[in-house]
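Chemist: Please see the structure below; I have some questions.
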Amino acid sequence: MNHAAGGAGPGGAIVSSPARDARRRTSRRIPWTQGIRRQYVVGWLFVLPALVMYGLFVLQPLALTLQYSLYRWDGVGPATYVGLSNYVTVLSEPRLIETLFNAFRLVLFFSLIPVGLGLVTASVIQRVARGRLGAISRTVLFLPQVIPLVAAGIIWGRLLSLTGLVNQGLTAIGLGDVTRAWLGDFDTALSAVGIIGIWVLLGFCTVLLLTGMTKIDAALYESARIDGAGWFAEFRAITVPSLRYEIGVCITVTVIAALAAFDIVYVSTGGGPGGATAVPGIQIYILAFLERQVGLASALAVVLVFLVLLVILPIQRLTRDSAS
Amino acid sequence: MRVGRGELYAGRALLIALIAVVVLPFISIFTTALHPSRTVPVGLEWPADPQWGNFIEAFNVANMSTLLASSVFIVLAVVPVALVISTMAGFGIGLLRIPGARWLLLLFIFGLTLPFEGIITPLYFLAREIGILNTRLAIVLPLIGLFMPFAVFWMRAHFVNMPNEISEAARVDGASTWDLFWRIHVPLARAPMASLGILMSVWAWNQFLLALVLVEDPTQRTMAGALGAFQGHYATDIPLLSAGTVLILLPTLILFILFQRQVISALLQGSVKG
């Protein structure tokens with residue numbers, strides 16, 4: 001986002017009316033000015049294909065989502081206009097509003113823990129593992145980020161099952177009593193899904209923060225050390241403030257991953273047990289394609305899009321300020 | 001940087017523990033895949049009689065060769081087109097600075113945070129209406145559109161920083177706008193285009209929601225979408241499901257290990273710019 005603030009300033013700058021005047025006066029002798037107007041048309045032609053694809057397959061469906069959300073429709077028969085009543089249902093029916101709360105609970109796992117632990121891990125790599133161990137950690141930790149989320153969901157579905165590795169480990173250290181089917185237990189399912197999110201996103205945050213850390217001026221640390229600062233003091237006074245921009249990026253990416261979670265949840269729990277892990281994405285899918293309540297699904301979709309914007313915009317503003 | 005011995009050991013122990021947490025799940029799914037079909041193995045246990053044949057069986061029942069071809073087709077249909085039209089748009093907005101460029105940029109940026117779930121329902125009805133439901137086009141066309149906000153934003157960031165002198169010199173030599181774009185600026189934009197291409201390939205390959213909703217036949221889906229269907233069919237046969245998962249992971253893992261530097265840097269730059 002760092003480029004968004006600058007640059008665009010002189011965007012449409014070359015004002016059109018003086019150019020037009022110039023053309024009227026000297027069109028014969030300087031055909032170049034005529035070229036400028038043609039250049040605008042050509043310029044728009046350059047943007048057109050991207051704009052058409054974006055308009056047809058993103059903006060149009062988005063407008064349709066808004067429209068559907070005002071109707072009761074089963075996807076086949078005639079639709080009935082119902083005003084805002086779908087939104088009232090979304091915000092009042094427990095099984096629907098609960099999906100929104102679940103989305104925010106996932107933020108704790110998908111965002112807070114990966115960013116926090118990522119800061120610590122990156123700082124550890126920076127300090128004690130500049131050689132091969134650091135390079136290996138970087139690559140290995142990043143691995144979960146490139147595999148399909150569906151595969152992550154299936155793998156962890158096994159690990160967290162009754163006979164999975166997690167329970168095997170717990171039994172081995174004498175905690176056989178707490179073993180259970182983590183994803184099938186009403187009390188632990190959402191946290192178990194959250195743990196999959198940590199596994200996927202930790203490496204991404206670590207590597208991104210590490211790249212930021214290598215840019216911090218070493219002299220800052222030198223002078224802190226002369227003042228007798230310890231590891232934690234350095235971490236708090238130098239590392240974290242210098243990484244404000246990278247931290248903002250990590251938070252943005254991971255918060256969107258949490259609020260819009262779908263793949264992992266669909267594969268590992270399908271929203272169950274009893275809706276314990278139902279998040280908006282899953283609920284939209286269930287409403288639209290299994291229960292044929294297209295209007296209600298669309299209202300929930302609009303609420304989700306709005307929520308993401310509401311959460312992300314302030315974070316963007318913070319990071320942009322720090323970048324400039 | 002001087003570091004105490006205690007910190008050195010504690011830090012390395014932490015890193016090794018984290019590496020183990022990432023790697024063990026992969027090992028667990030691999031050993032599970034080697035157990036006899038229809039058994040329920042424990043998390044980490046080397047089988048007495050490894051069933052390497054599970055991989056062959058999974059390859060056959062999952063129609064793996066068709067799947068690979070389908071995924072490759074989708075990536076090849078999406079990425080080059082998306083790359084060309086987003087580079088053109090980035091050039092128009094960032095370098096030609098056409099009137100309304102600022103407004104256009106905002107329109108694209110608006111799409112950056114849009115969750116796919118926000119538009120998946122109308123996409124289904126739209127695809128049905130224009131007759132591409134249950135074909136690969138139903139994944140390809142929306143995916144190109146959905147990549148535009150990020151791709152245009154990314155390419156514009158490159159073009160907006162190009163010095164004007166390059167274009168002016170070419171203009172004086174009488175180059176048309178298309179020449180300017182194709183002969184001068186595209187070759188200069190090779191690095192950001194390559195990163196963008198890697199990013200979009202990974203995203204297309206791993207795309208699940210569009211495949212799940214818009215294409216019923218798993219053999220017409222992306223790899224990730226097919227894996228979802230495979231899970232539905234073989235949920236009870238854990239070793240076979242694990243073998244299928246390993247096979248579907250394999251191409252991604254191999255490509256990542258071969259191109260890890262490029263992939264990591266593309267994904268990181270991608271998030272920083274986006």
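In the structure tokens, chains take the letters A, B, ... in the order shown, each chain's residues start at 1, and ligands count up from 1 in the order shown.
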What residues in chain A have any atom no more than 6 Å from chain B when counting only C-alpha atoms, and can you write them as a list in words?

Modeler: Met1, Ala8, Gly11, Gly12, Tyr40, Gly43, Phe46, Val47, Pro49, Ala50, Met53, Tyr54, Phe57, Pro61, Leu62, Val124, Val128, Pro148, Thr163, Gly164, Leu165, Ala260, Gly281 and Ala301 of chain A

Chemist: For segment 247-253 of chain A, find every residue with an atom within 8 Å (counting only C-alpha atoms), except residues of its own chain fewer than 4 positions away, and show them as a list in words.

Modeler: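 That gives Ser111, Leu112, Val115, Cys205, Leu208, Leu209, Leu243, Ala257, Ile312, Ile315, Gln316, Leu318 and Thr319 of chain A; Ser271 and Val272 of chain B.
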
Chemist: Considering only helix (DSSP H, G or I) as DSSP defines it on the backbone, what residues of segment 59-176 of chain B qualify? List them as number ranges by chain.

Modeler: B: 59-61, 64-96, 101-113, 116-118, 120-129, 137-159, 164-172

Chemist: Env of segment 52-61 of chain B: 10 Å cut, atoms = only C-alpha atoms, seq-sep filter 3 positions within chain, self excluded. Answer as an MDAnalysis selection string.

Modeler: chainID B and resid 33:37 49 64:67 230 234 239:248

Chemist: Go ahead and write the selection's residues with N, CA and C atoms as a PDB file, in the first residue's frame.

Modeler:
```pdb
ATOM      1  N   ALA B  33      -0.277 -42.987   4.984  1.00  0.00           N
ATOM      2  CA  ALA B  33      -0.586 -43.428   3.618  1.00  0.00           C
ATOM      3  C   ALA B  33      -0.037 -44.821   3.327  1.00  0.00           C
ATOM      4  N   LEU B  34       0.927 -45.273   4.123  1.00  0.00           N
ATOM      5  CA  LEU B  34       1.562 -46.557   3.846  1.00  0.00           C
ATOM      6  C   LEU B  34       0.896 -47.723   4.557  1.00  0.00           C
ATOM      7  N   HIS B  35      -0.108 -47.414   5.381  1.00  0.00           N
ATOM      8  CA  HIS B  35      -0.787 -48.487   6.097  1.00  0.00           C
ATOM      9  C   HIS B  35      -1.792 -49.189   5.188  1.00  0.00           C
ATOM     10  N   PRO B  36      -2.154 -50.442   5.571  1.00  0.00           N
ATOM     11  CA  PRO B  36      -3.121 -51.161   4.731  1.00  0.00           C
ATOM     12  C   PRO B  36      -4.435 -50.393   4.609  1.00  0.00           C
ATOM     13  N   SER B  37      -5.026 -50.466   3.440  1.00  0.00           N
ATOM     14  CA  SER B  37      -6.272 -49.773   3.153  1.00  0.00           C
ATOM     15  C   SER B  37      -7.336 -50.107   4.208  1.00  0.00           C
ATOM     16  N   ASP B  49       4.259 -53.577   7.221  1.00  0.00           N
ATOM     17  CA  ASP B  49       4.350 -53.966   5.816  1.00  0.00           C
ATOM     18  C   ASP B  49       3.894 -52.794   4.952  1.00  0.00           C
ATOM     19  N   MET B  64      -5.559 -39.072 -11.284  1.00  0.00           N
ATOM     20  CA  MET B  64      -4.548 -38.042 -11.083  1.00  0.00           C
ATOM     21  C   MET B  64      -4.023 -37.428 -12.382  1.00  0.00           C
ATOM     22  N   SER B  65      -3.873 -38.233 -13.436  1.00  0.00           N
ATOM     23  CA  SER B  65      -3.310 -37.659 -14.665  1.00  0.00           C
ATOM     24  C   SER B  65      -4.282 -36.643 -15.270  1.00  0.00           C
ATOM     25  N   THR B  66      -5.590 -36.954 -15.230  1.00  0.00           N
ATOM     26  CA  THR B  66      -6.582 -35.995 -15.722  1.00  0.00           C
ATOM     27  C   THR B  66      -6.558 -34.731 -14.882  1.00  0.00           C
ATOM     28  N   LEU B  67      -6.451 -34.941 -13.556  1.00  0.00           N
ATOM     29  CA  LEU B  67      -6.440 -33.807 -12.641  1.00  0.00           C
ATOM     30  C   LEU B  67      -5.287 -32.861 -12.907  1.00  0.00           C
ATOM     31  N   PHE B 230     -12.265 -35.640  -3.396  1.00  0.00           N
ATOM     32  CA  PHE B 230     -11.639 -36.909  -3.017  1.00  0.00           C
ATOM     33  C   PHE B 230     -11.888 -37.196  -1.541  1.00  0.00           C
ATOM     34  N   TYR B 234     -13.678 -40.589  -0.001  1.00  0.00           N
ATOM     35  CA  TYR B 234     -12.849 -41.594   0.657  1.00  0.00           C
ATOM     36  C   TYR B 234     -12.588 -41.280   2.119  1.00  0.00           C
ATOM     37  N   PRO B 239      -5.989 -44.424   5.002  1.00  0.00           N
ATOM     38  CA  PRO B 239      -4.712 -44.542   4.276  1.00  0.00           C
ATOM     39  C   PRO B 239      -4.815 -44.092   2.821  1.00  0.00           C
ATOM     40  N   LEU B 240      -5.917 -44.435   2.149  1.00  0.00           N
ATOM     41  CA  LEU B 240      -6.059 -44.052   0.752  1.00  0.00           C
ATOM     42  C   LEU B 240      -6.183 -42.530   0.620  1.00  0.00           C
ATOM     43  N   LEU B 241      -6.996 -41.924   1.512  1.00  0.00           N
ATOM     44  CA  LEU B 241      -7.136 -40.465   1.503  1.00  0.00           C
ATOM     45  C   LEU B 241      -5.780 -39.799   1.719  1.00  0.00           C
ATOM     46  N   SER B 242      -4.989 -40.358   2.657  1.00  0.00           N
ATOM     47  CA  SER B 242      -3.672 -39.790   2.923  1.00  0.00           C
ATOM     48  C   SER B 242      -2.769 -39.916   1.714  1.00  0.00           C
ATOM     49  N   ALA B 243      -2.831 -41.070   1.037  1.00  0.00           N
ATOM     50  CA  ALA B 243      -1.998 -41.259  -0.149  1.00  0.00           C
ATOM     51  C   ALA B 243      -2.383 -40.239  -1.221  1.00  0.00           C
ATOM     52  N   GLY B 244      -3.692 -40.024  -1.398  1.00  0.00           N
ATOM     53  CA  GLY B 244      -4.156 -39.037  -2.370  1.00  0.00           C
ATOM     54  C   GLY B 244      -3.667 -37.642  -2.014  1.00  0.00           C
ATOM     55  N   THR B 245      -3.732 -37.309  -0.710  1.00  0.00           N
ATOM     56  CA  THR B 245      -3.275 -35.991  -0.270  1.00  0.00           C
ATOM     57  C   THR B 245      -1.791 -35.805  -0.571  1.00  0.00           C
ATOM     58  N   VAL B 246      -0.999 -36.838  -0.273  1.00  0.00           N
ATOM     59  CA  VAL B 246       0.447 -36.748  -0.549  1.00  0.00           C
ATOM     60  C   VAL B 246       0.684 -36.496  -2.035  1.00  0.00           C
ATOM     61  N   LEU B 247      -0.029 -37.250  -2.895  1.00  0.00           N
ATOM     62  CA  LEU B 247       0.164 -37.093  -4.337  1.00  0.00           C
ATOM     63  C   LEU B 247      -0.203 -35.686  -4.793  1.00  0.00           C
ATOM     64  N   ILE B 248      -1.290 -35.148  -4.229  1.00  0.00           N
ATOM     65  CA  ILE B 248      -1.732 -33.828  -4.663  1.00  0.00           C
ATOM     66  C   ILE B 248      -0.774 -32.742  -4.156  1.00  0.00           C
TER      67      ILE B 248
END
```

Chemist: If we count only C-alpha atoms, what is near segment 135-139 of chain B at a cut-off of 7 Å, once residues fewer than 4 positions away on the same chain are taken out, given as a list of chain:residue names?

Modeler: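 Residues near the query, excluding close chain neighbours: B:Ile74, B:Ala127, B:Leu143, B:Leu210, B:Ala211, B:Leu214, B:Val215, B:Gln220, B:Arg221.
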
Chemist: My list of candidates is A:Ala135, A:Val207, A:Ala276, A:Leu51. Which is closest to Thr188 of chain A when distances are computed with only C-alpha atoms?

Modeler: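 So, comparing all the options, the nearest one is A:Ala276.
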
Chemist: Which one is closest to Ala278 of chain A: A:Phe101, A:Phe142, A:Tyr87, A:Phe306? Count only C-alpha atoms.

Modeler: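 Closest candidate: A:Phe101.
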
Chemist: Counting only C-alpha atoms, which of A:Leu307, A:Leu287, A:Val240, A:Leu183 gets nearest to Pro273 of chain A?

Modeler: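 Nearest candidate to Pro273 of chain A out of A:Leu307, A:Leu287, A:Val240, A:Leu183: A:Leu183.
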
Chemist: State, in Å with one decimal place, the distance from atom CA of Ala224 of chain A to atom CA of Pro241 of chain A.

Modeler: 14.1 Å

Chemist: Looking at B:Asp173, B:Phe159, B:Ala204, B:Phe150, which one is nearest to Pro80 of chain B, with distances taken over only C-alpha atoms?

Modeler: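 Answer, going by the shortest atom-to-atom distance: B:Ala204.
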